[in-house]
Amino acid sequence: MIEPLAAAVVNSFLLRTPAGRASALRPSLDHMGRSIRRPLLRDFFTPTARQWKGKEKAVDQDVDYAQCAECAEWLLGVTHESCCVMRHSVWCPRRNHILMINDAVPRRPQTLSHSASPSNIRRYSSSLPSCSNSPQFNHILTTSSSPSPEQWDIQTSPLNHFLSLLQGNHPFNLDDAWNAYQLLIASDDYQHLKPLDILNFAQKLSTAIEAGGEDNGASYLQRWGTRLAALNERLESVFEKHSSEDVMRLKLVARGSAFVGDLDHAIITTHELSDLLIDGRREELLEIYGTLIRSMALHQDGEHVLDFILAEWANIGMHLLPLSTRLQSLGIPVKPSSFQDTIYSILANIPDAASLLAKRRHWSLETRQRIGALLLDVLWQETLAEDAYALLKEMRAQRMSIQIDMQLQVVRSLVRADSFIRANELYRTISESTSTRHKFFISTGMLLAAHQGDIDRTEEYYSQLDTARWITSQDRATLMHAYAVAGRVGKVVELFHEFFSDPKNSRVGTKPSIVHYSIVVYAHAERADYDGLNFWLQAMSKAGHNPDIYVYSIILNSFAARGEVESVSTVLDQMRAAKIMPTRVLYTTVISLLAHRKDPVSAEAIYKRALREGIAPDRKMITSLMNAHVEAGSWTGVVRVFDYLKSSRNPRLRLSVEVYNTLLKAYVLIGAPFQVVSTIFRKLEAMGIQPNGRMYTLIIQSACDAGYMNIANRIFAEMQSASKDWQTTYRVDAFVLTIIMAGHLRLGDKRSAKAVYDDMCERGIQPTSATFYHILRAYGNERTEESLQIAEGFLKTIMAGESSASWIPPQTRAAALEHVHGPLMLAYTKTDKPEEVERLFQSMLDAGGEPSLASLAVLLDAYRRSGDIEAVHGLWPQIWQLALRLSKTDSLFDGEDNTPSDPMKRQGNLLLCAPLSIYIDALSAAGEHFVIAEMWGKARSHGFSFDSHNWNHLAVALVRAAEPERAFEIVERVLLPYQRQSEAVLRDRGLFPNSLFTFDTKPVDVSKPVSQSPMHRSERRAYQSKMATKRSGDALEMDPTSDDFAHPLHILHQISPSWNVWRPHRAVLVLLSGVLRHLESGMFVQPMGDRSSAPQALDPDSNDAFTRGNLAREMLDRIYLNYPDTIHAIRLHERWIARKSSLTTQDDGW
């Protein structure tokens, strides 16, 4: 397995050959029988007496008769006296042998009367053990009431068939067994059935019912529980009281009552059993309690289960205490049990454990202590770190005693959840409250420091462990992990060789485990060192370690960071081939990759595939899907996912700071007014949500977009103050300082921007490519020779020598290089210098960069502006192929029926929009009109969507192609309807969605405008913020008592950005106005690039002039008739221009 995996690492752009999936050949024998009408039932005219009391009338067997096509003729009395054991013909496929009725053995004498038992009749009694799983009991039951295996093939009566189903080696199917039982009670054989047979049947039935209960729900349990209760009713008063058989019956009564939801009766019976089952059989009692508790969770909720556990603590409490507590109490090692797992999984669904404990503050301290310890153990073991932290705080508020080890487990749980602020706070509190410095305390501190890349603290804890001689193999792995997180690959390798000088010949106790190899692999993957990654994968293989889920996760993350869908698909395929199914963590990584590609359709499809594979999504996975909608500008999807999380009662999906950050990111990108973002931020603080660095950064970004630099600086100071209490390695980073610097540059305040940059350097913070991008962009936008020379010099400085190594992340080298070269490329494009654009583009490639759609679009625009149509034609195939590659995600869905990469099933694929508009303009200016039509159809057939700019450019191209009517049609049929739809405010919104899916696999609905990309340019966001404030009025204001944080976004996504985007551009309206004037003058529109396109002087008396005039007037009449809304929009624009011109004239006059 390691060889193909290593190959996948070495070659990140693999040529994939989709693995063929062998389609299962559907058996055809079921379809070979001829169709017949349903026959009359054999006892249709014969009345029969009921054999048993109750509701179990035998009717199901008739269905079996009717469904057996091979027995049809016998049922109609046509042929043969022989039948199968199910009263079918001997050829019935339900049996594998052929017998005659007279071959059956004689029936046994009657042993049980089915009427009510008189009081003087002796009850059945024995000393048989009553454990439901007792092999002795099952053996006695089967041997005492069933024929020997040698007789099976010659016994065909309903009784013998039924008894054969009870054999231990016979597969037990609920429906088949129940149908056999129904046939038996309808036959004469039923009088020979023994009570032990019924008891054995009921026991098997109960076990099978419970096995399928979790998957089939309450209705399933109700149906089968009713049937089990009927069996139990027939056994009542049959066995001697408190005999082994009677105890077995009571256990079945308790289970049957639990199945049907009769919890009171089930509890009473369970209490009776608790007095009968002595200590050596307590496990049997726990099984009954487990059934009862599962049923209670199904019919009620987790809080009722908790109350029941507290009431039954004397019987089951010892089995629910934390393992460390049980070890101290019993003095022997104790392992988790299935009973404990059942209880913990149910209690983990309590929506808010901390609030529940707070409401019970008036209860006794002992009971509250019991609740707190139990729920705290549940929460950290069920990886509900945030809930465990909240409960721990509530326990402290109520001054409860909490074990140190339990608190340290919560710290570890927070570390695994990457909640370092709270983990550091809790560990510091524990350290201050106790002088204990035992092994678990120190190793927990070391784990906390290592996962943050805090090398100094990790080394300090390691030294303490070494001094106390407590070092373990896991501690060595933790030390290596600290250096891996910090990016010190060389040190990780050095430690590996120090700890394991000769892995092949080391003593057994000091050999490196797969954990140590995985950490070295992780260190190389984080630095994008694929040669080293492959070397250590091979070393791990030679050491006898096959890749596990953690190794696959490392490799998958590495490829996902580079945006390589094909390589990610290869890793997933290899995992499945190795029988290692992807986890929700890996699916979250894939969804994040698709979010980066702005592909929410595929992200939803991957999410659905995870559900089909049995993955239980957590909050992080759903938040990644929400971010995919944010990145793509799918605002409806953002609101829907947020509402889904908000309305969920699943504690694993409770809203957290990460979810709120994703929502705030949507507000920033859509251009929400700063007042809206600020209000949400303060309301979250008031609710007790602790802002982290990411949340502060988003608020600062919103303030800078609005031009409120003073407010941005105040929030930054607040952030600095708060970060001192976080006790994390996080400090003010280049990201937030770059945002503030860019805000000053956008306002033209270079002095303040320079001060921020100097502050960054004084703090020892390495500027990023984004920092340099904003500086270069500020100089490039000035478009003067002096500013361009300064920008060129700055670019050479940061790219020179070793200085570039410090700000170019290995995983995203190509993006970083594009960041710093892009501003100058764009500046030279706007100054019509294509040769300079080519020079910078080649320089970027030489430095290790890669062509992207954005950089190729800039180069294409440079050729367009210079009129170099040959260069345009030469570059376009490269753009087209790259767009196709980026839009395809088929490899992620190999074997799936509904592939979102299918062009007919995709929506909102806007990858090609910007270069397509440039290409259309270049072609139309060169007179290549037919090429435009061909490319437009080709793009549509490959699933690419078109934005408003594409439609506006197409309208211009149609006028240039002498197709003005079609240009008017685009405005009338596409742009204006989309504009009207985007202006429709207050669309319906469901606050409690049953599903979080926004897209489905059906063709794009052309009646709806395609969502536009979010605004990553601060100028556009600032403009949209002003427009949204103007148009929304009071609609964006939040009720002070409301917690509906998505309501303003629901309003905004209908106002901005689509309000300003889906409209005819002014240039289009001016062009179409000129077309009208041209036609009104009797002139026909000539195609651009055609030799006859130049105005020609025509003889007014010539037939040619008369014909052209008539054609122009006819076209003008059709335009006025067919496109009235477009005409109206043109007239409004003309009046707006005239009014603006008159105001300008008046100003000049003053």
# chains A, B, ... in the order shown; residues from 1 in each chain; ligands from 1
$ closest_atom_pairs --of "stretch 674-744 of chain A" --to "stretch 639-659 of chain A" --cutoff "12 Å" --atoms "only C-alpha atoms" --output "tab-separated table"
residue	atom	partner	partner_atom	distance
A:Phe681	CA	A:Val657	CA	11.0
A:Leu684	CA	A:Val657	CA	9.1
A:Glu685	CA	A:Val657	CA	10.6
A:Met687	CA	A:Val657	CA	11.4
A:Gly688	CA	A:Val657	CA	10.4
A:Ile689	CA	A:Val657	CA	6.7
A:Gln690	CA	A:Val657	CA	7.4
A:Pro691	CA	A:Val657	CA	7.1
A:Asn692	CA	A:Val657	CA	7.8
A:Gly693	CA	A:Val657	CA	10.7
A:Arg694	CA	A:Glu658	CA	8.8
A:Met695	CA	A:Val657	CA	8.1
A:Tyr696	CA	A:Val657	CA	11.5
$ residues_around --residues "A:Ala778" --least-positions-apart "5" --cutoff "9 Å" --atoms "only C-alpha atoms" --output "list in words"
Ala742, Leu745, Arg746, Gly748, Lys750, Tyr773, Ser787, Ala791 and Pro823 of chain A
$ closest_residue --among "A:Gly848, A:Pro1087, A:Pro993, A:Gly764" --to "A:Glu963" --atoms "only C-alpha atoms"
A:Pro1087
$ closest_residue --among "A:Phe999, A:Tyr289, A:Tyr779, A:Tyr708" --to "A:His744" --atoms "only C-alpha atoms"
A:Tyr708
$ residues_around --residues "A:Leu593" --least-positions-apart "4" --cutoff "10 Å" --atoms "only C-alpha atoms" --output "ChimeraX atom specification"
/A:557,559-565,568,587-589,597-599,603,624,628
$ residues_around --residues "A:Met480" --least-positions-apart "2" --cutoff "10 Å" --atoms "only C-alpha atoms" --output "list in words"
Ala450, Ile455, Thr458, Gln474, Asp475, Arg476, Ala477, Thr478, Ala482, Tyr483, Ala484, Val485, Arg488, Val489, Lys491, Val492, Val493, Glu494, Leu495, Phe496, His516, Ile519, Val520 and Ala523 of chain A
$ residues_around --residues "A:Leu276" --least-positions-apart "3" --cutoff "10 Å" --atoms "only C-alpha atoms" --output "short mmCIF file (atom, residue, chain, number, x, y, z; two decimals) with all heavy atoms, in the first residue's frame"
data_model
loop_
_atom_site.label_atom_id
_atom_site.label_comp_id
_atom_site.auth_asym_id
_atom_site.auth_seq_id
_atom_site.Cartn_x
_atom_site.Cartn_y
_atom_site.Cartn_z
N HIS A 242 -40.54 -17.37 40.45
CA HIS A 242 -39.15 -17.13 40.76
C HIS A 242 -38.24 -18.28 40.33
O HIS A 242 -37.08 -18.36 40.77
CB HIS A 242 -38.95 -16.84 42.25
CG HIS A 242 -39.62 -15.58 42.70
ND1 HIS A 242 -39.77 -15.24 44.04
CD2 HIS A 242 -40.23 -14.58 42.00
CE1 HIS A 242 -40.42 -14.09 44.13
NE2 HIS A 242 -40.71 -13.68 42.90
N SER A 243 -38.76 -19.21 39.54
CA SER A 243 -37.88 -20.21 38.95
C SER A 243 -37.03 -19.57 37.87
O SER A 243 -37.22 -18.41 37.49
CB SER A 243 -38.71 -21.35 38.35
OG SER A 243 -39.49 -20.86 37.26
N SER A 244 -36.06 -20.33 37.38
CA SER A 244 -35.19 -19.79 36.33
C SER A 244 -36.00 -19.36 35.11
O SER A 244 -35.73 -18.32 34.51
CB SER A 244 -34.15 -20.84 35.93
OG SER A 244 -33.31 -21.16 37.00
N VAL A 247 -37.89 -16.14 35.90
CA VAL A 247 -36.99 -14.98 35.84
C VAL A 247 -36.73 -14.59 34.39
O VAL A 247 -36.72 -13.40 34.04
CB VAL A 247 -35.67 -15.28 36.58
CG1 VAL A 247 -34.66 -14.16 36.36
CG2 VAL A 247 -35.93 -15.47 38.07
N THR A 270 -38.36 -4.34 36.41
CA THR A 270 -36.91 -4.29 36.62
C THR A 270 -36.57 -4.30 38.11
O THR A 270 -35.61 -4.95 38.54
CB THR A 270 -36.32 -3.04 35.95
OG1 THR A 270 -36.65 -3.05 34.56
CG2 THR A 270 -34.80 -3.02 36.08
N HIS A 271 -37.36 -3.57 38.90
CA HIS A 271 -37.14 -3.60 40.35
C HIS A 271 -37.35 -5.00 40.91
O HIS A 271 -36.62 -5.44 41.81
CB HIS A 271 -38.07 -2.60 41.03
CG HIS A 271 -37.69 -1.19 40.81
ND1 HIS A 271 -38.52 -0.12 41.08
CD2 HIS A 271 -36.53 -0.64 40.34
CE1 HIS A 271 -37.91 1.01 40.79
NE2 HIS A 271 -36.70 0.71 40.33
N GLU A 272 -38.37 -5.72 40.43
CA GLU A 272 -38.59 -7.09 40.87
C GLU A 272 -37.40 -7.96 40.52
O GLU A 272 -36.98 -8.81 41.31
CB GLU A 272 -39.87 -7.63 40.23
CG GLU A 272 -40.25 -9.02 40.70
CD GLU A 272 -41.56 -9.51 40.08
OE1 GLU A 272 -42.23 -8.69 39.40
OE2 GLU A 272 -41.90 -10.69 40.27
N LEU A 273 -36.84 -7.75 39.33
CA LEU A 273 -35.68 -8.54 38.91
C LEU A 273 -34.45 -8.21 39.74
O LEU A 273 -33.61 -9.08 39.99
CB LEU A 273 -35.39 -8.28 37.43
CG LEU A 273 -36.31 -8.96 36.43
CD1 LEU A 273 -36.10 -8.38 35.04
CD2 LEU A 273 -36.05 -10.47 36.40
N ASP A 279 -25.67 -11.02 43.07
CA ASP A 279 -24.51 -10.25 42.61
C ASP A 279 -23.81 -10.89 41.43
O ASP A 279 -23.31 -10.22 40.54
CB ASP A 279 -23.52 -10.07 43.76
CG ASP A 279 -24.07 -9.15 44.84
OD1 ASP A 279 -25.01 -8.40 44.52
OD2 ASP A 279 -23.58 -9.20 45.98
N ARG A 281 -24.98 -12.22 38.98
CA ARG A 281 -25.74 -12.06 37.73
C ARG A 281 -26.15 -10.62 37.52
O ARG A 281 -27.17 -10.34 36.88
CB ARG A 281 -26.97 -12.96 37.79
CG ARG A 281 -26.61 -14.43 37.90
CD ARG A 281 -27.83 -15.29 38.12
NE ARG A 281 -28.76 -15.19 37.00
CZ ARG A 281 -29.96 -15.77 36.98
NH1 ARG A 281 -30.38 -16.47 38.02
NH2 ARG A 281 -30.75 -15.64 35.94
N ARG A 282 -25.38 -9.66 38.04
CA ARG A 282 -25.73 -8.24 37.89
C ARG A 282 -25.61 -7.79 36.43
O ARG A 282 -26.28 -6.84 36.03
CB ARG A 282 -24.82 -7.38 38.76
CG ARG A 282 -24.87 -7.70 40.24
CD ARG A 282 -26.27 -7.62 40.81
NE ARG A 282 -26.73 -6.24 40.98
CZ ARG A 282 -27.91 -5.89 41.49
NH1 ARG A 282 -28.76 -6.84 41.87
NH2 ARG A 282 -28.25 -4.63 41.62
N LEU A 285 -28.86 -7.87 34.86
CA LEU A 285 -29.69 -6.73 35.26
C LEU A 285 -29.30 -5.48 34.48
O LEU A 285 -30.16 -4.69 34.07
CB LEU A 285 -29.54 -6.49 36.76
CG LEU A 285 -30.43 -5.39 37.37
CD1 LEU A 285 -31.91 -5.75 37.20
CD2 LEU A 285 -30.09 -5.17 38.83
#
$ residues_around --residues "A:Ser752" --least-positions-apart "2" --cutoff "12 Å" --atoms "only C-alpha atoms" --output "list in words"
Met709, Asn710, Asn713, Leu737, Ile740, Met741, Ala742, Gly743, His744, Leu745, Arg746, Leu747, Gly748, Asp749, Lys750, Lys754, Ala755, Val756, Tyr757, Asp758 and Asp759 of chain A
$ select_by_dssp --residues "stretch 283-510 of chain A" --states "helix (DSSP H, G or I)" --output "PyMOL selection string"
chain A and resi 283-299+302-311+313-319+323-330+338-347+353-359+365-381+385-397+404-416+420-433+439-451+455-467+473-485+489-499+508-510
$ atom_distance --atom1 "atom CA of A:Gln407" --atom2 "atom CA of A:Leu426"
8.1 Å
$ residues_around --residues "A:Tyr828" --least-positions-apart "2" --cutoff "10 Å" --atoms "only C-alpha atoms" --output "PyMOL selection string"
chain A and resi 780-781+783+788+823-826+830-838+840+858-859+862
$ write_last_selection --atoms "N, CA, C and O atoms" --output "PDB file, in the first residue's frame"
ATOM      1  N   GLY A 780       1.218  51.238  -7.791  1.00  0.00           N
ATOM      2  CA  GLY A 780       0.797  50.937  -9.153  1.00  0.00           C
ATOM      3  C   GLY A 780      -0.426  51.730  -9.573  1.00  0.00           C
ATOM      4  O   GLY A 780      -0.548  52.110 -10.750  1.00  0.00           O
ATOM      5  N   ASN A 781      -1.327  52.022  -8.662  1.00  0.00           N
ATOM      6  CA  ASN A 781      -2.538  52.761  -9.003  1.00  0.00           C
ATOM      7  C   ASN A 781      -2.262  54.214  -9.367  1.00  0.00           C
ATOM      8  O   ASN A 781      -3.087  54.861 -10.017  1.00  0.00           O
ATOM      9  N   ARG A 783       0.099  55.154 -11.389  1.00  0.00           N
ATOM     10  CA  ARG A 783       0.363  55.056 -12.834  1.00  0.00           C
ATOM     11  C   ARG A 783       1.306  56.144 -13.345  1.00  0.00           C
ATOM     12  O   ARG A 783       1.190  56.605 -14.485  1.00  0.00           O
ATOM     13  N   LEU A 788       5.866  53.798 -10.568  1.00  0.00           N
ATOM     14  CA  LEU A 788       6.118  52.471 -11.096  1.00  0.00           C
ATOM     15  C   LEU A 788       7.571  52.055 -10.864  1.00  0.00           C
ATOM     16  O   LEU A 788       7.849  50.875 -10.588  1.00  0.00           O
ATOM     17  N   PRO A 823      -0.014  43.286  -8.842  1.00  0.00           N
ATOM     18  CA  PRO A 823      -0.299  44.731  -8.924  1.00  0.00           C
ATOM     19  C   PRO A 823       0.433  45.439 -10.050  1.00  0.00           C
ATOM     20  O   PRO A 823      -0.155  46.272 -10.749  1.00  0.00           O
ATOM     21  N   LEU A 824       1.697  45.096 -10.256  1.00  0.00           N
ATOM     22  CA  LEU A 824       2.443  45.750 -11.329  1.00  0.00           C
ATOM     23  C   LEU A 824       1.972  45.268 -12.697  1.00  0.00           C
ATOM     24  O   LEU A 824       1.928  46.053 -13.665  1.00  0.00           O
ATOM     25  N   MET A 825       1.652  44.003 -12.825  1.00  0.00           N
ATOM     26  CA  MET A 825       1.101  43.504 -14.090  1.00  0.00           C
ATOM     27  C   MET A 825      -0.178  44.273 -14.439  1.00  0.00           C
ATOM     28  O   MET A 825      -0.372  44.669 -15.602  1.00  0.00           O
ATOM     29  N   LEU A 826      -1.023  44.478 -13.468  1.00  0.00           N
ATOM     30  CA  LEU A 826      -2.272  45.200 -13.713  1.00  0.00           C
ATOM     31  C   LEU A 826      -2.005  46.657 -14.058  1.00  0.00           C
ATOM     32  O   LEU A 826      -2.660  47.229 -14.940  1.00  0.00           O
ATOM     33  N   LYS A 830      -3.014  48.616 -17.690  1.00  0.00           N
ATOM     34  CA  LYS A 830      -3.822  49.833 -17.840  1.00  0.00           C
ATOM     35  C   LYS A 830      -3.061  50.956 -18.521  1.00  0.00           C
ATOM     36  O   LYS A 830      -3.671  51.927 -18.975  1.00  0.00           O
ATOM     37  N   THR A 831      -1.733  50.837 -18.586  1.00  0.00           N
ATOM     38  CA  THR A 831      -0.941  51.836 -19.308  1.00  0.00           C
ATOM     39  C   THR A 831      -0.534  51.337 -20.691  1.00  0.00           C
ATOM     40  O   THR A 831       0.370  51.912 -21.316  1.00  0.00           O
ATOM     41  N   ASP A 832      -1.201  50.260 -21.157  1.00  0.00           N
ATOM     42  CA  ASP A 832      -0.981  49.717 -22.503  1.00  0.00           C
ATOM     43  C   ASP A 832       0.478  49.357 -22.758  1.00  0.00           C
ATOM     44  O   ASP A 832       1.084  49.757 -23.764  1.00  0.00           O
ATOM     45  N   LYS A 833       1.043  48.561 -21.859  1.00  0.00           N
ATOM     46  CA  LYS A 833       2.411  48.081 -22.024  1.00  0.00           C
ATOM     47  C   LYS A 833       2.429  46.558 -21.910  1.00  0.00           C
ATOM     48  O   LYS A 833       2.858  45.989 -20.889  1.00  0.00           O
ATOM     49  N   PRO A 834       1.952  45.873 -22.930  1.00  0.00           N
ATOM     50  CA  PRO A 834       1.866  44.399 -22.841  1.00  0.00           C
ATOM     51  C   PRO A 834       3.228  43.734 -22.687  1.00  0.00           C
ATOM     52  O   PRO A 834       3.319  42.665 -22.080  1.00  0.00           O
ATOM     53  N   GLU A 835       4.281  44.340 -23.237  1.00  0.00           N
ATOM     54  CA  GLU A 835       5.601  43.726 -23.119  1.00  0.00           C
ATOM     55  C   GLU A 835       6.071  43.697 -21.663  1.00  0.00           C
ATOM     56  O   GLU A 835       6.738  42.746 -21.231  1.00  0.00           O
ATOM     57  N   GLU A 836       5.700  44.735 -20.884  1.00  0.00           N
ATOM     58  CA  GLU A 836       6.058  44.749 -19.462  1.00  0.00           C
ATOM     59  C   GLU A 836       5.247  43.711 -18.681  1.00  0.00           C
ATOM     60  O   GLU A 836       5.747  43.093 -17.741  1.00  0.00           O
ATOM     61  N   VAL A 837       4.008  43.541 -19.088  1.00  0.00           N
ATOM     62  CA  VAL A 837       3.171  42.521 -18.442  1.00  0.00           C
ATOM     63  C   VAL A 837       3.766  41.142 -18.706  1.00  0.00           C
ATOM     64  O   VAL A 837       3.848  40.301 -17.793  1.00  0.00           O
ATOM     65  N   GLU A 838       4.186  40.889 -19.939  1.00  0.00           N
ATOM     66  CA  GLU A 838       4.811  39.606 -20.272  1.00  0.00           C
ATOM     67  C   GLU A 838       6.082  39.383 -19.462  1.00  0.00           C
ATOM     68  O   GLU A 838       6.352  38.272 -18.982  1.00  0.00           O
ATOM     69  N   LEU A 840       6.895  40.595 -16.456  1.00  0.00           N
ATOM     70  CA  LEU A 840       6.579  40.285 -15.059  1.00  0.00           C
ATOM     71  C   LEU A 840       5.971  38.886 -14.919  1.00  0.00           C
ATOM     72  O   LEU A 840       6.243  38.171 -13.948  1.00  0.00           O
ATOM     73  N   VAL A 858      -5.209  38.886 -16.747  1.00  0.00           N
ATOM     74  CA  VAL A 858      -4.507  40.178 -16.844  1.00  0.00           C
ATOM     75  C   VAL A 858      -3.688  40.223 -18.132  1.00  0.00           C
ATOM     76  O   VAL A 858      -3.688  41.241 -18.854  1.00  0.00           O
ATOM     77  N   LEU A 859      -2.983  39.140 -18.436  1.00  0.00           N
ATOM     78  CA  LEU A 859      -2.192  39.095 -19.670  1.00  0.00           C
ATOM     79  C   LEU A 859      -3.096  39.164 -20.888  1.00  0.00           C
ATOM     80  O   LEU A 859      -2.777  39.858 -21.878  1.00  0.00           O
ATOM     81  N   ALA A 862      -4.151  42.680 -21.430  1.00  0.00           N
ATOM     82  CA  ALA A 862      -3.073  43.497 -22.010  1.00  0.00           C
ATOM     83  C   ALA A 862      -3.041  43.326 -23.525  1.00  0.00           C
ATOM     84  O   ALA A 862      -2.874  44.307 -24.273  1.00  0.00           O
TER      85      ALA A 862
END
$ atom_distance --atom1 "atom CA of A:Asn952" --atom2 "atom CA of A:Arg1135"
21.1 Å
$ atom_distance --atom1 "atom CA of A:Glu631" --atom2 "atom CA of A:Gln701"
16.3 Å
